[in-house]
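Pasting input_2.pdb here (PDB, C-alpha atoms):
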ATOM      1  CA  MET G  99      13.232  43.862 108.435  1.00  0.00           C
ATOM      2  CA  LYS G 100      13.102  40.127 107.891  1.00  0.00           C
ATOM      3  CA  TYR G 101      11.582  40.377 104.424  1.00  0.00           C
ATOM      4  CA  ARG G 102      13.719  41.807 101.629  1.00  0.00           C
ATOM      5  CA  LEU G 103      11.215  40.763  98.957  1.00  0.00           C
ATOM      6  CA  VAL G 104       7.416  40.731  98.824  1.00  0.00           C
ATOM      7  CA  VAL G 105       5.818  38.822  95.951  1.00  0.00           C
ATOM      8  CA  PHE G 106       2.211  39.790  95.200  1.00  0.00           C
ATOM      9  CA  ASP G 107      -0.475  38.080  93.222  1.00  0.00           C
ATOM     10  CA  PHE G 108      -2.375  40.534  90.986  1.00  0.00           C
ATOM     11  CA  ASP G 109      -6.053  39.575  90.462  1.00  0.00           C
ATOM     12  CA  GLY G 110      -7.946  39.868  93.729  1.00  0.00           C
ATOM     13  CA  THR G 111      -4.858  40.956  95.667  1.00  0.00           C
ATOM     14  CA  LEU G 112      -3.637  44.233  94.169  1.00  0.00           C
ATOM     15  CA  ALA G 113      -6.547  44.928  91.833  1.00  0.00           C
ATOM     16  CA  ASP G 114     -10.271  44.270  91.757  1.00  0.00           C
ATOM     17  CA  THR G 115     -10.540  42.607  88.357  1.00  0.00           C
ATOM     18  CA  GLU G 116     -13.744  40.681  89.033  1.00  0.00           C
ATOM     19  CA  ALA G 117     -16.087  42.697  86.794  1.00  0.00           C
ATOM     20  CA  GLY G 118     -13.728  42.661  83.811  1.00  0.00           C
ATOM     21  CA  ILE G 119     -13.099  38.928  84.070  1.00  0.00           C
ATOM     22  CA  LEU G 120     -16.807  38.168  84.343  1.00  0.00           C
ATOM     23  CA  ARG G 121     -17.732  40.386  81.398  1.00  0.00           C
ATOM     24  CA  ALA G 122     -15.020  38.887  79.176  1.00  0.00           C
ATOM     25  CA  LEU G 123     -16.184  35.388  80.114  1.00  0.00           C
ATOM     26  CA  GLU G 124     -19.794  36.275  79.342  1.00  0.00           C
ATOM     27  CA  LEU G 125     -18.831  37.586  75.899  1.00  0.00           C
ATOM     28  CA  ALA G 126     -16.665  34.556  75.159  1.00  0.00           C
ATOM     29  CA  ALA G 127     -19.438  32.198  76.296  1.00  0.00           C
ATOM     30  CA  ARG G 128     -21.918  34.024  74.068  1.00  0.00           C
ATOM     31  CA  ASP G 129     -19.700  33.595  71.017  1.00  0.00           C
ATOM     32  CA  LEU G 130     -19.220  29.907  71.830  1.00  0.00           C
ATOM     33  CA  GLY G 131     -22.963  29.365  72.196  1.00  0.00           C
ATOM     34  CA  LEU G 132     -22.671  28.474  75.869  1.00  0.00           C
ATOM     35  CA  PRO G 133     -25.158  29.268  78.686  1.00  0.00           C
ATOM     36  CA  GLY G 134     -24.646  32.059  81.213  1.00  0.00           C
ATOM     37  CA  ILE G 135     -21.771  32.207  83.665  1.00  0.00           C
ATOM     38  CA  ASP G 136     -22.055  31.075  87.283  1.00  0.00           C
ATOM     39  CA  TRP G 137     -19.788  33.437  89.242  1.00  0.00           C
ATOM     40  CA  PRO G 138     -19.148  31.137  92.250  1.00  0.00           C
ATOM     41  CA  THR G 139     -17.921  28.497  89.795  1.00  0.00           C
ATOM     42  CA  VAL G 140     -15.735  31.070  88.043  1.00  0.00           C
ATOM     43  CA  LYS G 141     -14.141  32.166  91.317  1.00  0.00           C
ATOM     44  CA  ARG G 142     -12.947  28.636  92.020  1.00  0.00           C
ATOM     45  CA  GLY G 143     -10.763  28.820  88.920  1.00  0.00           C
ATOM     46  CA  ILE G 144      -9.319  32.324  89.310  1.00  0.00           C
ATOM     47  CA  GLY G 145      -5.651  32.179  90.171  1.00  0.00           C
ATOM     48  CA  LEU G 146      -4.989  29.180  87.978  1.00  0.00           C
ATOM     49  CA  PRO G 147      -3.574  29.479  84.430  1.00  0.00           C
ATOM     50  CA  LEU G 148      -6.122  30.963  82.028  1.00  0.00           C
ATOM     51  CA  GLN G 149      -6.845  27.721  80.200  1.00  0.00           C
ATOM     52  CA  LYS G 150      -7.671  25.998  83.501  1.00  0.00           C
ATOM     53  CA  THR G 151      -9.860  28.945  84.495  1.00  0.00           C
ATOM     54  CA  LEU G 152     -11.776  28.648  81.235  1.00  0.00           C
ATOM     55  CA  GLU G 153     -12.226  24.920  81.748  1.00  0.00           C
ATOM     56  CA  THR G 154     -13.769  25.604  85.164  1.00  0.00           C
ATOM     57  CA  ALA G 155     -15.764  28.694  84.224  1.00  0.00           C
ATOM     58  CA  LEU G 156     -17.155  27.527  80.900  1.00  0.00           C
ATOM     59  CA  GLY G 157     -17.250  23.775  81.448  1.00  0.00           C
ATOM     60  CA  LEU G 158     -14.941  23.097  78.514  1.00  0.00           C
ATOM     61  CA  ASP G 159     -12.524  20.255  77.937  1.00  0.00           C
ATOM     62  CA  SER G 160      -8.852  21.151  77.627  1.00  0.00           C
ATOM     63  CA  GLU G 161      -8.887  21.283  73.822  1.00  0.00           C
ATOM     64  CA  LYS G 162     -11.895  23.603  73.616  1.00  0.00           C
ATOM     65  CA  ALA G 163     -10.577  25.748  76.457  1.00  0.00           C
ATOM     66  CA  ALA G 164      -7.271  26.201  74.614  1.00  0.00           C
ATOM     67  CA  GLU G 165      -9.200  27.389  71.567  1.00  0.00           C
ATOM     68  CA  ALA G 166     -11.169  29.826  73.750  1.00  0.00           C
ATOM     69  CA  VAL G 167      -8.055  31.478  75.244  1.00  0.00           C
ATOM     70  CA  PRO G 168      -7.463  34.038  72.429  1.00  0.00           C
ATOM     71  CA  LEU G 169     -11.195  34.845  72.323  1.00  0.00           C
ATOM     72  CA  TYR G 170     -11.272  35.576  76.044  1.00  0.00           C
ATOM     73  CA  ARG G 171      -8.079  37.641  75.862  1.00  0.00           C
ATOM     74  CA  ARG G 172      -9.466  39.770  73.035  1.00  0.00           C
ATOM     75  CA  TYR G 173     -12.610  40.558  75.015  1.00  0.00           C
ATOM     76  CA  TYR G 174     -10.674  41.126  78.241  1.00  0.00           C
ATOM     77  CA  ASP G 175      -8.468  43.701  76.531  1.00  0.00           C
ATOM     78  CA  GLU G 176     -11.613  45.468  75.295  1.00  0.00           C
ATOM     79  CA  VAL G 177     -13.496  45.646  78.609  1.00  0.00           C
ATOM     80  CA  ALA G 178     -10.935  45.368  81.412  1.00  0.00           C
ATOM     81  CA  TYR G 179      -9.639  48.940  81.571  1.00  0.00           C
ATOM     82  CA  GLY G 180     -13.044  50.394  82.321  1.00  0.00           C
ATOM     83  CA  GLU G 181     -13.805  47.728  84.918  1.00  0.00           C
ATOM     84  CA  THR G 182     -10.552  47.383  86.907  1.00  0.00           C
ATOM     85  CA  ARG G 183      -9.425  49.362  89.952  1.00  0.00           C
ATOM     86  CA  LEU G 184      -6.816  49.024  92.664  1.00  0.00           C
ATOM     87  CA  PHE G 185      -8.002  47.987  96.087  1.00  0.00           C
ATOM     88  CA  PRO G 186      -7.896  50.729  98.757  1.00  0.00           C
ATOM     89  CA  GLU G 187      -4.437  51.932  99.857  1.00  0.00           C
ATOM     90  CA  VAL G 188      -2.602  49.643  97.417  1.00  0.00           C
ATOM     91  CA  LYS G 189      -0.626  52.277  95.522  1.00  0.00           C
ATOM     92  CA  GLU G 190       0.267  54.264  98.632  1.00  0.00           C
ATOM     93  CA  THR G 191       1.405  51.139 100.481  1.00  0.00           C
ATOM     94  CA  LEU G 192       3.480  49.866  97.540  1.00  0.00           C
ATOM     95  CA  GLU G 193       5.215  53.237  97.287  1.00  0.00           C
ATOM     96  CA  MET G 194       5.894  53.216 101.033  1.00  0.00           C
ATOM     97  CA  LEU G 195       7.426  49.744 100.872  1.00  0.00           C
ATOM     98  CA  GLN G 196       9.524  50.705  97.857  1.00  0.00           C
ATOM     99  CA  CYS G 197      10.804  53.798  99.665  1.00  0.00           C
ATOM    100  CA  ARG G 198      11.852  51.619 102.601  1.00  0.00           C
ATOM    101  CA  GLY G 199      14.019  49.513 100.287  1.00  0.00           C
ATOM    102  CA  VAL G 200      11.782  46.449 100.086  1.00  0.00           C
ATOM    103  CA  LEU G 201      11.941  44.683  96.712  1.00  0.00           C
ATOM    104  CA  LEU G 202       8.498  44.127  95.190  1.00  0.00           C
ATOM    105  CA  ALA G 203       7.452  41.542  92.620  1.00  0.00           C
ATOM    106  CA  VAL G 204       4.285  40.268  90.955  1.00  0.00           C
ATOM    107  CA  ALA G 205       3.559  36.593  90.256  1.00  0.00           C
ATOM    108  CA  SER G 206       0.368  36.330  88.223  1.00  0.00           C
ATOM    109  CA  SER G 207      -1.425  33.763  86.101  1.00  0.00           C
ATOM    110  CA  LYS G 208      -2.303  36.577  83.702  1.00  0.00           C
ATOM    111  CA  GLY G 209      -0.679  36.710  80.296  1.00  0.00           C
ATOM    112  CA  LYS G 210       2.442  38.872  80.526  1.00  0.00           C
ATOM    113  CA  PRO G 211       1.514  41.559  77.943  1.00  0.00           C
ATOM    114  CA  ALA G 212      -1.927  42.146  79.478  1.00  0.00           C
ATOM    115  CA  LEU G 213      -0.466  42.161  82.982  1.00  0.00           C
ATOM    116  CA  LEU G 214       2.210  44.744  82.180  1.00  0.00           C
ATOM    117  CA  ALA G 215      -0.268  46.934  80.323  1.00  0.00           C
ATOM    118  CA  MET G 216      -2.732  46.875  83.223  1.00  0.00           C
ATOM    119  CA  MET G 217      -0.027  47.636  85.796  1.00  0.00           C
ATOM    120  CA  ARG G 218       1.041  50.660  83.754  1.00  0.00           C
ATOM    121  CA  TYR G 219      -2.582  51.778  83.372  1.00  0.00           C
ATOM    122  CA  LEU G 220      -3.125  51.548  87.145  1.00  0.00           C
ATOM    123  CA  GLY G 221       0.084  53.488  87.838  1.00  0.00           C
ATOM    124  CA  ILE G 222       1.913  50.811  89.841  1.00  0.00           C
ATOM    125  CA  PHE G 223       4.365  49.348  87.324  1.00  0.00           C
ATOM    126  CA  ASP G 224       7.303  51.441  88.520  1.00  0.00           C
ATOM    127  CA  CYS G 225       6.951  50.085  92.064  1.00  0.00           C
ATOM    128  CA  PHE G 226       8.081  46.619  91.008  1.00  0.00           C
ATOM    129  CA  SER G 227      11.529  45.156  90.443  1.00  0.00           C
ATOM    130  CA  PHE G 228      10.235  41.945  88.858  1.00  0.00           C
ATOM    131  CA  VAL G 229       7.022  40.827  87.141  1.00  0.00           C
ATOM    132  CA  ALA G 230       6.157  37.245  86.143  1.00  0.00           C
ATOM    133  CA  GLY G 231       3.189  36.254  83.981  1.00  0.00           C
ATOM    134  CA  GLU G 232       2.067  32.825  82.899  1.00  0.00           C
ATOM    135  CA  GLN G 233       4.426  32.721  79.898  1.00  0.00           C
ATOM    136  CA  ASP G 234       7.486  33.080  82.127  1.00  0.00           C
ATOM    137  CA  VAL G 235       7.387  29.616  83.691  1.00  0.00           C
ATOM    138  CA  GLU G 236       6.680  26.112  82.493  1.00  0.00           C
ATOM    139  CA  CYS G 237       4.915  25.024  85.679  1.00  0.00           C
ATOM    140  CA  LYS G 238       2.111  27.391  86.680  1.00  0.00           C
ATOM    141  CA  LYS G 239       0.495  28.116  90.043  1.00  0.00           C
ATOM    142  CA  PRO G 240       0.324  26.492  92.520  1.00  0.00           C
ATOM    143  CA  ALA G 241       3.815  25.344  91.503  1.00  0.00           C
ATOM    144  CA  PRO G 242       6.541  27.481  93.119  1.00  0.00           C
ATOM    145  CA  ASP G 243       8.254  28.375  89.844  1.00  0.00           C
ATOM    146  CA  MET G 244       7.233  32.050  89.689  1.00  0.00           C
ATOM    147  CA  VAL G 245       8.441  32.731  93.214  1.00  0.00           C
ATOM    148  CA  ASN G 246      11.628  30.778  92.603  1.00  0.00           C
ATOM    149  CA  LEU G 247      12.230  32.820  89.454  1.00  0.00           C
ATOM    150  CA  ALA G 248      11.814  36.082  91.368  1.00  0.00           C
ATOM    151  CA  LEU G 249      14.139  34.865  94.116  1.00  0.00           C
ATOM    152  CA  GLY G 250      16.803  33.940  91.587  1.00  0.00           C
ATOM    153  CA  VAL G 251      16.582  37.126  89.532  1.00  0.00           C
ATOM    154  CA  LEU G 252      16.633  39.391  92.600  1.00  0.00           C
ATOM    155  CA  GLY G 253      19.149  37.384  94.613  1.00  0.00           C
ATOM    156  CA  VAL G 254      16.964  36.819  97.684  1.00  0.00           C
ATOM    157  CA  GLU G 255      16.816  33.728  99.906  1.00  0.00           C
ATOM    158  CA  PRO G 256      13.361  32.167 100.497  1.00  0.00           C
ATOM    159  CA  HIS G 257      13.373  32.961 104.236  1.00  0.00           C
ATOM    160  CA  HIS G 258      13.627  36.661 103.350  1.00  0.00           C
ATOM    161  CA  CYS G 259      10.557  36.496 101.074  1.00  0.00           C
ATOM    162  CA  LEU G 260       6.854  37.004 101.806  1.00  0.00           C
ATOM    163  CA  VAL G 261       4.266  35.838  99.240  1.00  0.00           C
ATOM    164  CA  VAL G 262       0.930  37.691  99.358  1.00  0.00           C
ATOM    165  CA  GLY G 263      -2.226  36.453  97.659  1.00  0.00           C
ATOM    166  CA  ASP G 264      -5.974  35.986  97.809  1.00  0.00           C
ATOM    167  CA  THR G 265      -6.276  32.338  96.723  1.00  0.00           C
ATOM    168  CA  VAL G 266      -5.192  28.973  98.038  1.00  0.00           C
ATOM    169  CA  TYR G 267      -3.069  28.641  94.880  1.00  0.00           C
ATOM    170  CA  ASP G 268      -1.011  31.695  95.909  1.00  0.00           C
ATOM    171  CA  ILE G 269      -0.485  30.387  99.429  1.00  0.00           C
ATOM    172  CA  GLU G 270       0.522  26.937  98.186  1.00  0.00           C
ATOM    173  CA  MET G 271       2.887  28.532  95.654  1.00  0.00           C
ATOM    174  CA  GLY G 272       4.640  30.458  98.405  1.00  0.00           C
ATOM    175  CA  GLN G 273       4.811  27.506 100.765  1.00  0.00           C
ATOM    176  CA  ARG G 274       6.277  25.264  98.071  1.00  0.00           C
ATOM    177  CA  ALA G 275       8.963  27.921  97.490  1.00  0.00           C
ATOM    178  CA  ALA G 276       9.801  27.791 101.239  1.00  0.00           C
ATOM    179  CA  ALA G 277       8.741  31.432 101.655  1.00  0.00           C
ATOM    180  CA  ASP G 278       6.448  32.885 104.309  1.00  0.00           C
ATOM    181  CA  THR G 279       2.920  33.598 103.133  1.00  0.00           C
ATOM    182  CA  CYS G 280       0.240  36.205 103.734  1.00  0.00           C
ATOM    183  CA  ALA G 281      -3.384  35.583 102.782  1.00  0.00           C
ATOM    184  CA  VAL G 282      -5.650  38.558 102.047  1.00  0.00           C
ATOM    185  CA  THR G 283      -9.364  38.217 102.728  1.00  0.00           C
ATOM    186  CA  TRP G 284     -10.820  40.667 100.168  1.00  0.00           C
ATOM    187  CA  GLY G 285     -10.253  38.529  97.078  1.00  0.00           C
ATOM    188  CA  ASN G 286     -11.535  35.338  95.508  1.00  0.00           C
ATOM    189  CA  ASN G 287     -11.204  32.853  98.389  1.00  0.00           C
ATOM    190  CA  SER G 288     -12.836  33.132 101.793  1.00  0.00           C
ATOM    191  CA  GLY G 289     -10.911  33.571 105.014  1.00  0.00           C
ATOM    192  CA  ASP G 290     -11.797  30.013 106.053  1.00  0.00           C
ATOM    193  CA  GLU G 291     -10.542  28.585 102.752  1.00  0.00           C
ATOM    194  CA  LEU G 292      -7.280  30.485 103.119  1.00  0.00           C
ATOM    195  CA  ARG G 293      -6.761  29.612 106.779  1.00  0.00           C
ATOM    196  CA  SER G 294      -7.129  25.918 105.928  1.00  0.00           C
ATOM    197  CA  LEU G 295      -3.642  26.143 104.371  1.00  0.00           C
ATOM    198  CA  ASN G 296      -2.118  27.706 107.499  1.00  0.00           C
ATOM    199  CA  PRO G 297      -0.540  30.796 105.929  1.00  0.00           C
ATOM    200  CA  THR G 298       2.009  32.652 108.046  1.00  0.00           C
ATOM    201  CA  PHE G 299      -0.298  35.695 108.219  1.00  0.00           C
ATOM    202  CA  VAL G 300      -3.876  36.612 107.338  1.00  0.00           C
ATOM    203  CA  VAL G 301      -4.783  40.290 106.809  1.00  0.00           C
ATOM    204  CA  ASP G 302      -8.038  42.150 106.234  1.00  0.00           C
ATOM    205  CA  SER G 303      -6.569  45.364 104.773  1.00  0.00           C
ATOM    206  CA  PHE G 304      -3.635  46.109 102.509  1.00  0.00           C
ATOM    207  CA  THR G 305      -1.968  48.516 104.930  1.00  0.00           C
ATOM    208  CA  GLU G 306      -1.519  45.699 107.472  1.00  0.00           C
ATOM    209  CA  ILE G 307       1.254  44.324 105.276  1.00  0.00           C
ATOM    210  CA  VAL G 308       3.495  47.205 106.364  1.00  0.00           C
ATOM    211  CA  SER G 309       3.086  46.300 110.031  1.00  0.00           C
ATOM    212  CA  LEU G 310       3.871  42.661 109.260  1.00  0.00           C
ATOM    213  CA  LEU G 311       7.182  43.692 107.743  1.00  0.00           C
ATOM    214  CA  ASN G 312       7.964  45.851 110.738  1.00  0.00           C
ATOM    215  CA  LEU G 313       7.121  43.072 113.192  1.00  0.00           C
ATOM    216  CA  ALA G 314       9.134  40.528 111.263  1.00  0.00           C
TER
END

In structure tokens, how does this file's structure come out?
Amino acid sequence: MKYRLVVFDFDGTLADTEAGILRALELAARDLGLPGIDWPTVKRGIGLPLQKTLETALGLDSEKAAEAVPLYRRYYDEVAYGETRLFPEVKETLEMLQCRGVLLAVASSKGKPALLAMMRYLGIFDCFSFVAGEQDVECKKPAPDMVNLALGVLGVEPHHCLVVGDTVYDIEMGQRAAADTCAVTWGNNSGDELRSLNPTFVVDSFTEIVSLLNLA
């Protein structure tokens, strides 16, 4: 197989986290005395670092958004576990790829402790050889730093890596790392938005990723 390493985004790619994110934002907005949340506006910020997401979702300046980060994280930890699920066939496909000797990694804008805890809760943590959260790099998505870190730690060249994600930020991250990219259409950006960046592949179901590896 061409690809020795597959780097996955988490929110909107591996797991449906939409309801938990929205509920945590609503609770944070309530405490801050802000009006209700507009979900289409929120979706435009998902995939970016949390502070940037809060700026977009809540209409805050950078200083106020930074102050809102711990409030959001507290509420997310309270509500997320009851609201988050894996997308269909994710766990089975990850286990299949792992059994075939493909290295798997996660590159997420989530905070590292929350990300690791959620991966363990969903039963997929053991599938991965490397996990990067927002604290692990200085330059966040769409910078290539998370992918570059995974490549360095696992000893893989960029042309043997496939980056999989649901947002334009994921695709740009992979492209800037000189890796191939795969856009998934069930997440936070539309197929048209994703295709505008000319990813290497576009898939409509998680199991298609296996066939991509076989073809490559």

One number please: atom CA of G:His258 to atom CA of G:Val282, in Å, one decimal. 19.4 Å

Name the residues that the PyMOL selection byres ((chain G and resi 102-115) around 8) picks from the file above, as JSON, numbers by chain, using the file's chain letters and numbers. {"G": [99, 100, 101, 116, 117, 118, 119, 145, 178, 181, 182, 183, 184, 185, 188, 199, 200, 201, 202, 203, 204, 205, 206, 245, 254, 258, 259, 260, 261, 262, 263, 264, 268, 282, 284, 285, 286]}

Find the residues around G:Lys210 up to 10 Å (all atoms listed in the file counted), leave out those fewer than 3 positions away in its own chain, and share them as an NGL selection string. :G and (206-207 or 213-216 or 229-234)

Go ahead and write the selection's residues with C-alpha atoms as a PDB file, in the frame of the given file.
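And here is the file that came out, result19.pdb:
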ATOM      1  CA  SER G 206       0.368  36.330  88.223  1.00  0.00           C
ATOM      2  CA  SER G 207      -1.425  33.763  86.101  1.00  0.00           C
ATOM      3  CA  LEU G 213      -0.466  42.161  82.982  1.00  0.00           C
ATOM      4  CA  LEU G 214       2.210  44.744  82.180  1.00  0.00           C
ATOM      5  CA  ALA G 215      -0.268  46.934  80.323  1.00  0.00           C
ATOM      6  CA  MET G 216      -2.732  46.875  83.223  1.00  0.00           C
ATOM      7  CA  VAL G 229       7.022  40.827  87.141  1.00  0.00           C
ATOM      8  CA  ALA G 230       6.157  37.245  86.143  1.00  0.00           C
ATOM      9  CA  GLY G 231       3.189  36.254  83.981  1.00  0.00           C
ATOM     10  CA  GLU G 232       2.067  32.825  82.899  1.00  0.00           C
ATOM     11  CA  GLN G 233       4.426  32.721  79.898  1.00  0.00           C
ATOM     12  CA  ASP G 234       7.486  33.080  82.127  1.00  0.00           C
TER      13      ASP G 234
END

Expressed in Å, the length from atom CA of G:Glu306 to atom CA of G:Leu148 is 29.8 Å

Apply the PyMOL selection byres ((chain G and resi 164) around 12) to the structure shown and report the selected residues as a PyMOL selection string. chain G and resi 147-153+156+158-163+165-171

Take stretch 180-192 of chain G, model N, CA and C atoms, and hand the result over as a CSV table (one decimal), keeping the file's coordinate frame.
chain,number,residue,atom,x,y,z
G,180,GLY,N,-12.0,49.7,81.7
G,180,GLY,CA,-13.0,50.4,82.3
G,180,GLY,C,-13.6,49.7,83.6
G,181,GLU,N,-13.2,48.5,83.8
G,181,GLU,CA,-13.8,47.7,84.9
G,181,GLU,C,-12.8,47.4,86.1
G,182,THR,N,-11.6,47.8,85.9
G,182,THR,CA,-10.6,47.4,86.9
G,182,THR,C,-10.1,48.6,87.8
G,183,ARG,N,-9.9,48.3,89.1
G,183,ARG,CA,-9.4,49.4,90.0
G,183,ARG,C,-8.5,48.7,91.0
G,184,LEU,N,-7.6,49.5,91.5
G,184,LEU,CA,-6.8,49.0,92.7
G,184,LEU,C,-7.7,48.9,93.9
G,185,PHE,N,-7.4,48.0,94.8
G,185,PHE,CA,-8.0,48.0,96.1
G,185,PHE,C,-7.5,49.2,96.9
G,186,PRO,N,-8.3,49.6,97.9
G,186,PRO,CA,-7.9,50.7,98.8
G,186,PRO,C,-6.5,50.6,99.3
G,187,GLU,N,-5.8,51.8,99.3
G,187,GLU,CA,-4.4,51.9,99.9
G,187,GLU,C,-3.3,51.1,99.2
G,188,VAL,N,-3.6,50.5,98.1
G,188,VAL,CA,-2.6,49.6,97.4
G,188,VAL,C,-1.4,50.5,96.9
G,189,LYS,N,-1.7,51.5,96.1
G,189,LYS,CA,-0.6,52.3,95.5
G,189,LYS,C,0.2,53.0,96.6
G,190,GLU,N,-0.4,53.6,97.6
G,190,GLU,CA,0.3,54.3,98.6
G,190,GLU,C,1.2,53.3,99.4
G,191,THR,N,0.6,52.1,99.7
G,191,THR,CA,1.4,51.1,100.5
G,191,THR,C,2.6,50.6,99.7
G,192,LEU,N,2.4,50.3,98.4
G,192,LEU,CA,3.5,49.9,97.5
G,192,LEU,C,4.6,50.9,97.5
